[in-house]
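Next comes upload-v2.txt, a file with compact mmCIF, C-alpha atoms.
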```
# COMPACT_ATOMS: atom_id res chain seq x y z
CA MET A 1 0.00 0.00 0.00
CA ASN A 2 1.51 3.37 -0.92
CA PHE A 3 1.78 6.25 1.52
CA ARG A 4 -1.05 8.29 -0.07
CA LYS A 5 -3.41 5.34 0.25
CA LEU A 6 -2.32 4.90 3.86
CA LEU A 7 -3.09 8.55 4.59
CA LEU A 8 -6.52 8.21 3.00
CA ASN A 9 -7.21 5.13 5.11
CA MET A 10 -6.74 7.23 8.24
CA TYR A 11 -10.16 8.78 7.49
CA PRO A 12 -13.35 7.03 8.65
CA ARG A 13 -14.87 4.57 6.18
CA SER A 14 -18.16 6.52 5.95
CA TRP A 15 -16.24 9.69 5.05
CA ARG A 16 -14.15 7.86 2.43
CA ALA A 17 -17.30 6.52 0.80
CA GLU A 18 -18.49 10.10 0.30
CA TYR A 19 -15.28 12.05 -0.36
CA GLY A 20 -12.51 9.44 -0.72
CA GLU A 21 -12.23 9.42 -4.50
CA GLU A 22 -11.95 13.18 -4.96
CA PHE A 23 -9.67 13.49 -1.92
CA ALA A 24 -7.35 10.85 -3.42
CA GLY A 25 -7.38 12.90 -6.63
CA ILE A 26 -6.25 16.03 -4.74
CA LEU A 27 -3.60 14.10 -2.81
CA ALA A 28 -2.20 12.73 -6.07
CA THR A 29 -1.54 16.29 -7.28
CA ARG A 30 0.39 17.36 -4.17
CA ARG A 31 3.95 16.67 -3.13
CA LEU A 32 3.81 15.07 0.31
CA THR A 33 5.79 17.53 2.41
CA PRO A 34 5.69 17.16 6.23
CA ALA A 35 3.25 20.12 6.37
CA ILE A 36 0.84 18.43 3.94
CA VAL A 37 1.08 15.10 5.79
CA LEU A 38 0.31 16.85 9.10
CA ASP A 39 -2.58 18.70 7.48
CA VAL A 40 -4.04 15.45 6.14
CA LEU A 41 -3.59 13.66 9.47
CA GLY A 42 -5.21 16.62 11.27
CA GLY A 43 -8.18 16.32 8.92
CA ALA A 44 -8.42 12.57 9.64
CA VAL A 45 -8.45 13.18 13.41
CA ARG A 46 -11.16 15.84 13.04
CA GLN A 47 -13.31 13.53 10.92
CA ARG A 48 -12.85 10.67 13.38
CA LEU A 49 -13.79 12.96 16.25
CA THR A 50 -16.90 14.31 14.54
CA ARG A 51 -18.07 10.98 13.12
CA THR A 52 -17.65 8.84 16.23
CA GLU A 53 -20.48 8.77 18.75
CA PRO A 54 -19.53 11.39 21.38
CA TRP A 55 -20.29 9.03 24.25
CA ILE A 56 -17.80 6.48 22.89
CA LEU A 57 -15.09 9.14 22.70
CA CYS A 58 -15.89 10.49 26.12
CA GLY A 59 -16.14 7.02 27.68
CA ALA A 60 -12.78 6.07 26.16
CA ALA A 61 -11.23 9.36 27.35
CA LEU A 62 -12.60 8.83 30.87
CA SER A 63 -11.31 5.26 30.94
CA LEU A 64 -7.87 6.41 29.84
CA TRP A 65 -8.08 9.21 32.37
CA THR A 66 -8.78 6.77 35.17
CA VAL A 67 -6.07 4.33 34.12
CA LEU A 68 -3.51 7.17 33.96
CA LEU A 69 -4.46 8.40 37.44
CA PRO A 70 -1.70 6.51 39.33
CA PHE A 71 0.96 7.83 36.98
CA PHE A 72 0.09 11.51 37.25
CA ALA A 73 -1.84 12.18 40.42
CA PHE A 74 -0.49 9.86 43.10
CA PRO A 75 0.62 10.17 45.84
CA THR A 76 -0.71 13.64 46.80
CA GLU A 77 -4.35 14.16 47.71
CA VAL A 78 -4.40 17.49 45.88
CA GLY A 79 -3.15 15.73 42.75
CA ILE A 80 -5.95 13.18 42.96
CA MET A 81 -8.56 15.91 43.46
CA LEU A 82 -7.29 17.95 40.51
CA PHE A 83 -7.18 14.88 38.31
CA TRP A 84 -10.68 13.87 39.34
CA ALA A 85 -12.05 17.38 38.84
CA ALA A 86 -10.63 17.51 35.31
CA GLY A 87 -12.33 14.18 34.52
CA LEU A 88 -15.63 15.61 35.76
CA LEU A 89 -15.21 18.65 33.54
CA LEU A 90 -14.72 16.22 30.67
CA ILE A 91 -18.07 14.58 31.32
CA GLY A 92 -19.71 18.00 31.83
CA GLY A 93 -18.35 19.00 28.43
CA LEU A 94 -19.81 15.85 26.89
CA GLY A 95 -23.22 16.72 28.30
CA ALA A 96 -22.99 20.23 26.86
CA ARG A 97 -21.84 18.91 23.50
CA THR A 98 -24.34 16.13 22.93
CA ARG A 99 -27.29 17.60 24.88
CA SER A 100 -28.28 13.95 25.25
CA MET A 101 -28.86 12.45 28.69
CA PRO A 102 -28.64 8.80 27.47
CA ALA A 103 -25.24 9.61 25.89
CA VAL A 104 -24.01 11.03 29.21
CA LEU A 105 -25.19 7.92 31.04
CA LYS A 106 -23.43 5.64 28.54
CA ALA A 107 -20.18 7.65 28.79
CA ALA A 108 -20.28 7.54 32.59
CA CYS A 109 -20.72 3.74 32.48
CA ALA A 110 -17.88 3.40 29.95
CA GLY A 111 -15.68 5.51 32.23
CA GLN A 112 -16.41 3.16 35.12
CA LEU A 113 -15.26 0.21 33.03
CA GLY A 114 -11.87 1.92 32.77
CA PHE A 115 -11.80 2.04 36.55
CA CYS A 116 -12.14 -1.75 36.74
CA GLY A 117 -8.55 -2.10 35.44
CA LEU A 118 -7.25 -0.14 38.43
CA TYR A 119 -9.33 -2.28 40.75
CA LEU A 120 -7.81 -5.47 39.36
CA LEU A 121 -4.30 -4.04 39.73
CA ALA A 122 -5.02 -3.10 43.34
CA VAL A 123 -6.46 -6.56 44.12
CA LEU A 124 -3.39 -8.22 42.60
CA ARG A 125 -1.05 -6.00 44.62
CA MET A 126 -2.90 -5.87 47.93
CA GLY A 127 -5.24 -8.85 47.97
CA SER A 128 -7.77 -8.53 50.78
CA ARG A 129 -5.41 -6.79 53.20
CA PRO A 130 -7.10 -3.93 55.04
CA PHE A 131 -6.26 -0.41 53.90
CA LEU A 132 -7.25 2.45 56.24
CA GLY A 133 -9.56 0.08 58.08
CA HIS A 134 -11.35 -1.38 55.06
CA THR A 135 -10.65 -3.85 52.29
CA ILE A 136 -9.79 -2.73 48.78
CA HIS A 137 -13.20 -4.03 47.67
CA PHE A 138 -14.89 -1.51 49.96
CA TRP A 139 -12.79 1.40 48.62
CA PHE A 140 -13.43 0.31 45.05
CA ALA A 141 -17.20 0.12 45.53
CA LYS A 142 -17.25 3.46 47.35
CA THR A 143 -15.11 5.26 44.76
CA MET A 144 -17.04 3.76 41.88
CA ALA A 145 -20.37 4.85 43.36
CA LEU A 146 -19.04 8.35 44.02
CA ASN A 147 -17.54 8.57 40.53
CA LEU A 148 -20.73 7.42 38.87
CA ALA A 149 -22.85 9.86 40.88
CA ALA A 150 -20.46 12.75 40.16
CA CYS A 151 -20.28 11.86 36.45
CA LEU A 152 -24.06 11.84 36.22
CA ILE A 153 -24.44 15.12 38.11
CA PHE A 154 -21.81 16.90 36.00
CA GLY A 155 -22.98 15.31 32.74
CA LEU A 156 -26.60 16.19 33.34
CA ALA A 157 -25.63 19.70 34.46
CA GLY A 158 -23.74 20.10 31.17
CA THR A 159 -26.78 18.85 29.24
CA ALA A 160 -29.11 21.19 31.11
CA PHE A 161 -26.76 24.13 30.53
CA ALA A 162 -26.56 23.46 26.77
CA ARG A 163 -30.35 23.15 26.50
CA TRP A 164 -30.82 26.35 28.49
CA LYS A 165 -28.42 28.19 26.18
CA ILE A 166 -30.34 26.97 23.11
CA ALA A 167 -33.67 27.97 24.66
CA ARG A 168 -32.31 31.49 25.28
CA ARG A 169 -31.38 32.04 21.63
CA MET B 1 -3.86 23.87 8.32
CA ALA B 2 -4.14 26.85 6.04
CA ARG B 3 -0.68 27.91 4.97
CA LYS B 4 -0.59 31.69 4.77
CA THR B 5 1.45 33.23 2.04
CA THR B 6 0.46 36.84 1.47
CA ALA B 7 -2.81 36.44 3.34
CA GLY B 8 -4.55 39.22 5.16
CA PRO B 9 -6.91 38.61 8.07
CA ALA B 10 -9.47 36.67 6.01
CA THR B 11 -8.12 33.11 6.27
CA ASP B 12 -11.21 31.20 7.41
CA PRO B 13 -11.30 28.18 5.05
CA GLU B 14 -15.10 28.02 5.01
CA LEU B 15 -15.47 31.66 4.06
CA LEU B 16 -12.79 31.31 1.40
CA ILE B 17 -14.53 28.28 -0.11
CA LEU B 18 -17.91 30.00 -0.10
CA SER B 19 -16.36 33.06 -1.75
CA SER B 20 -14.77 30.88 -4.39
CA LEU B 21 -17.98 28.97 -5.10
CA ALA B 22 -20.01 32.20 -5.29
CA GLY B 23 -18.42 32.59 -8.74
CA GLY B 24 -19.75 29.22 -9.96
CA PRO B 25 -19.37 25.47 -9.28
CA LYS B 26 -15.82 24.15 -8.85
CA HIS B 27 -14.08 20.95 -7.78
CA GLY B 28 -11.64 20.80 -4.88
CA TYR B 29 -8.45 21.37 -6.83
CA ALA B 30 -9.90 24.38 -8.69
CA MET B 31 -11.01 25.87 -5.37
CA MET B 32 -7.49 25.50 -3.95
CA GLN B 33 -5.99 27.20 -6.99
CA GLU B 34 -8.45 30.08 -6.97
CA ILE B 35 -8.20 30.65 -3.21
CA ALA B 36 -4.39 30.77 -3.48
CA ALA B 37 -4.75 33.33 -6.27
CA PHE B 38 -7.35 35.68 -4.74
CA ALA B 39 -6.59 35.37 -1.03
CA GLY B 40 -2.94 34.30 -0.95
CA VAL B 41 -3.88 31.30 1.23
CA GLU B 42 -2.73 27.80 0.35
CA LEU B 43 -5.25 25.40 1.85
CA GLY B 44 -3.89 21.94 2.60
CA PRO B 45 -6.01 18.99 1.38
CA GLY B 46 -6.98 18.06 4.96
CA THR B 47 -8.12 21.60 5.77
CA LEU B 48 -9.95 21.95 2.46
CA TYR B 49 -11.94 18.75 2.86
CA THR B 50 -12.65 19.32 6.56
CA ALA B 51 -14.21 22.64 5.55
CA ILE B 52 -16.04 21.14 2.54
CA THR B 53 -17.49 18.37 4.73
CA ARG B 54 -18.74 20.89 7.27
CA LEU B 55 -20.18 23.19 4.61
CA VAL B 56 -22.08 20.26 3.05
CA GLU B 57 -23.37 19.19 6.46
CA GLU B 58 -24.54 22.74 7.18
CA GLY B 59 -26.32 22.81 3.81
CA TRP B 60 -24.25 25.80 2.64
CA ILE B 61 -22.79 23.97 -0.37
CA GLU B 62 -23.82 20.82 -2.24
CA PRO B 63 -22.25 18.42 -4.73
CA ALA B 64 -23.10 19.36 -8.30
CA GLY B 65 -22.37 15.93 -9.76
CA GLU B 66 -21.73 12.28 -9.05
CA THR B 67 -18.93 11.06 -6.78
CA GLY B 68 -15.66 11.04 -8.69
CA ARG B 69 -12.14 12.40 -8.85
CA GLN B 70 -13.32 15.86 -9.91
CA ARG B 71 -16.73 16.28 -8.35
CA PRO B 72 -17.80 19.93 -8.45
CA TYR B 73 -19.60 21.73 -5.63
CA ARG B 74 -21.98 24.67 -5.79
CA VAL B 75 -23.12 27.11 -3.16
CA THR B 76 -26.77 26.88 -2.02
CA PRO B 77 -29.06 29.91 -1.50
CA HIS B 78 -28.66 29.32 2.25
CA GLY B 79 -24.86 29.38 1.79
CA LEU B 80 -25.02 32.64 -0.16
CA GLU B 81 -27.09 34.17 2.63
CA HIS B 82 -24.50 33.02 5.19
CA LEU B 83 -21.63 34.37 3.08
CA ARG B 84 -23.37 37.72 2.66
CA ALA B 85 -23.93 38.00 6.42
CA GLN B 86 -20.29 37.16 7.18
CA LEU B 87 -18.92 39.57 4.60
CA GLU B 88 -21.22 42.30 5.90
CA LYS B 89 -19.80 41.77 9.39
CA MET B 90 -16.27 42.01 7.98
CA ARG B 91 -17.23 45.20 6.12
CA GLN B 92 -18.60 46.74 9.33
CA LEU B 93 -15.41 45.82 11.17
CA ALA B 94 -13.25 47.26 8.41
CA SER B 95 -15.28 50.52 8.32
CA PHE B 96 -15.06 50.83 12.10
CA GLY B 97 -11.30 50.22 12.09
CA LEU B 98 -10.73 52.70 9.26
CA ARG B 99 -12.86 55.37 11.00
CA ARG B 100 -10.82 54.90 14.16
CA LEU B 101 -7.61 55.17 12.17
CA ARG B 102 -8.72 58.48 10.67
CA THR B 103 -9.31 59.97 14.12
CA ALA B 104 -6.15 58.47 15.62
```

In structure tokens, how does this file's structure come out?
Amino acid sequence: MNFRKLLLNMYPRSWRAEYGEEFAGILATRRLTPAIVLDVLGGAVRQRLTRTEPWILCGAALSLWTVLLPFFAFPTEVGIMLFWAAGLLLIGGLGARTRSMPAVLKAACAGQLGFCGLYLLAVLRMGSRPFLGHTIHFWFAKTMALNLAACLIFGLAGTAFARWKIARR
Amino acid sequence: MARKTTAGPATDPELLILSSLAGGPKHGYAMMQEIAAFAGVELGPGTLYTAITRLVEEGWIEPAGETGRQRPYRVTPHGLEHLRAQLEKMRQLASFGLRRLRTA
């Protein structure tokens, strides 16, 4: 497969069905400088972002966010709070963007799935040893419930805000 | 990424495309050539087609032929209305700036 074809394949299939042929025609006329390659890749990312269901993107981002938590936020409490707050802003942004409550709910659930990886790691490392007076299972259940509640509150607040803004227009 | 050559402030790809299509239907490559000539902006293929996709989705332009290597696009009445409104805003801004410059 040549490089131009590879670049074209970075775009979503549905987009290629509509614009692929003419886009390939334009690409064939251009010399592939680094600036052009970056421009084409930027276009591919934008199309992937706009053509993927927002809740899938947000759920994936939240999962990644949660999995990255130990690398960036531990061991300080302030770090954890800042990290968590940024994740909640993410879900609030999703609500404002989609204006769809079911999408917010799906993204929150997808985000929780990402948290399961951390739970498994903690179980493997600590087993059932008590930690601050409780088992890791207790902390997992508590954090998950809090996360889910906070995700829903922020997501629905974002949705409500976006709907209010539209109603004001 | 729109590569600016001798461009002024008007470098919004969507506005440039609408301005180009206001003169008649064109395919992507012809738009790029004309925009480079009249605005001094070289639109990359990714930027051009991101803007074309959005303009089609907004209903401001539409394909004027079957899918193919050189499919032309034309501006819709809704697109012309949008272009007129945007250019009017730019004209107001330019008049305001020039008035201020005269009194400066």

task = Measuring atom to atom with all atoms listed in the file, identify which of B:Gly44, B:Pro72, B:Gly97, B:Gly23 is nearest to Ile36 in chain A.
result = B:Gly44

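You will find CA of Ala150 in chain A at 9.3 Å from CA of Ile91 in chain A.
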
Give me, as a tab-separated table, the closest atom pair and its distance (Å, one decimal) for every residue of chain A within a cut-off of 12 Å of chain B, counting all atoms listed in the file, rows sorted by chain and rising number.
```
residue	atom	partner	partner_atom	distance
A:Arg4	CA	B:Pro45	CA	11.9
A:Leu7	CA	B:Gly46	CA	10.3
A:Leu8	CA	B:Gly46	CA	10.1
A:Met10	CA	B:Gly46	CA	11.3
A:Tyr11	CA	B:Gly46	CA	10.1
A:Ser14	CA	B:Thr53	CA	11.9
A:Trp15	CA	B:Thr53	CA	8.8
A:Arg16	CA	B:Thr67	CA	10.9
A:Ala17	CA	B:Thr67	CA	9.0
A:Glu18	CA	B:Thr67	CA	7.2
A:Tyr19	CA	B:Thr67	CA	7.5
A:Gly20	CA	B:Arg69	CA	8.7
A:Glu21	CA	B:Arg69	CA	5.3
A:Glu22	CA	B:Arg69	CA	4.0
A:Phe23	CA	B:Pro45	CA	7.4
A:Ala24	CA	B:Arg69	CA	7.4
A:Gly25	CA	B:Arg69	CA	5.3
A:Ile26	CA	B:Tyr29	CA	6.1
A:Leu27	CA	B:Pro45	CA	6.9
A:Ala28	CA	B:Arg69	CA	10.3
A:Thr29	CA	B:Tyr29	CA	8.6
A:Arg30	CA	B:Pro45	CA	8.6
A:Arg31	CA	B:Gly44	CA	11.0
A:Leu32	CA	B:Gly44	CA	10.6
A:Thr33	CA	B:Gly44	CA	10.6
A:Pro34	CA	B:Gly44	CA	11.3
A:Ala35	CA	B:Met1	CA	8.3
A:Ile36	CA	B:Gly44	CA	6.0
A:Val37	CA	B:Gly46	CA	8.6
A:Leu38	CA	B:Met1	CA	8.2
A:Asp39	CA	B:Gly46	CA	5.1
A:Val40	CA	B:Gly46	CA	4.1
A:Leu41	CA	B:Gly46	CA	7.2
A:Gly42	CA	B:Gly46	CA	6.7
A:Gly43	CA	B:Gly46	CA	4.5
A:Ala44	CA	B:Gly46	CA	7.4
A:Val45	CA	B:Gly46	CA	9.9
A:Arg46	CA	B:Thr50	CA	7.5
A:Gln47	CA	B:Thr50	CA	7.3
A:Arg48	CA	B:Thr50	CA	11.0
A:Leu49	CA	B:Thr50	CA	11.6
A:Thr50	CA	B:Arg54	CA	10.0
A:Arg51	CA	B:Thr53	CA	11.2
```

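Here CA of Gly24 in chain B is placed at a distance of 6.6 Å from CA of Arg74 in chain B.
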
query = What's the 9 Å shell around Val123 in chain A, counting all atoms listed in the file, without same-chain residues fewer than 4 positions away, as number ranges by chain?
reply = A: 118-119, 127-128, 136-137

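Computed from the coordinates, the CA of Cys151 in chain A to CA of Arg168 in chain A distance equals 25.6 Å.
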
request  = Write out as a list in words the residues lying within 7 Å of range 99-112 of chain A, counting all atoms listed in the file and excluding same-chain residues fewer than 4 positions away.
outcome  = Trp55, Ile56, Cys58, Gly59, Ala60, Leu62, Ser63, Leu94, Gly95, Cys116, Met144, Leu148, Cys151, Leu152, Gly155, Leu156, Thr159, Ala162 and Arg163 of chain A
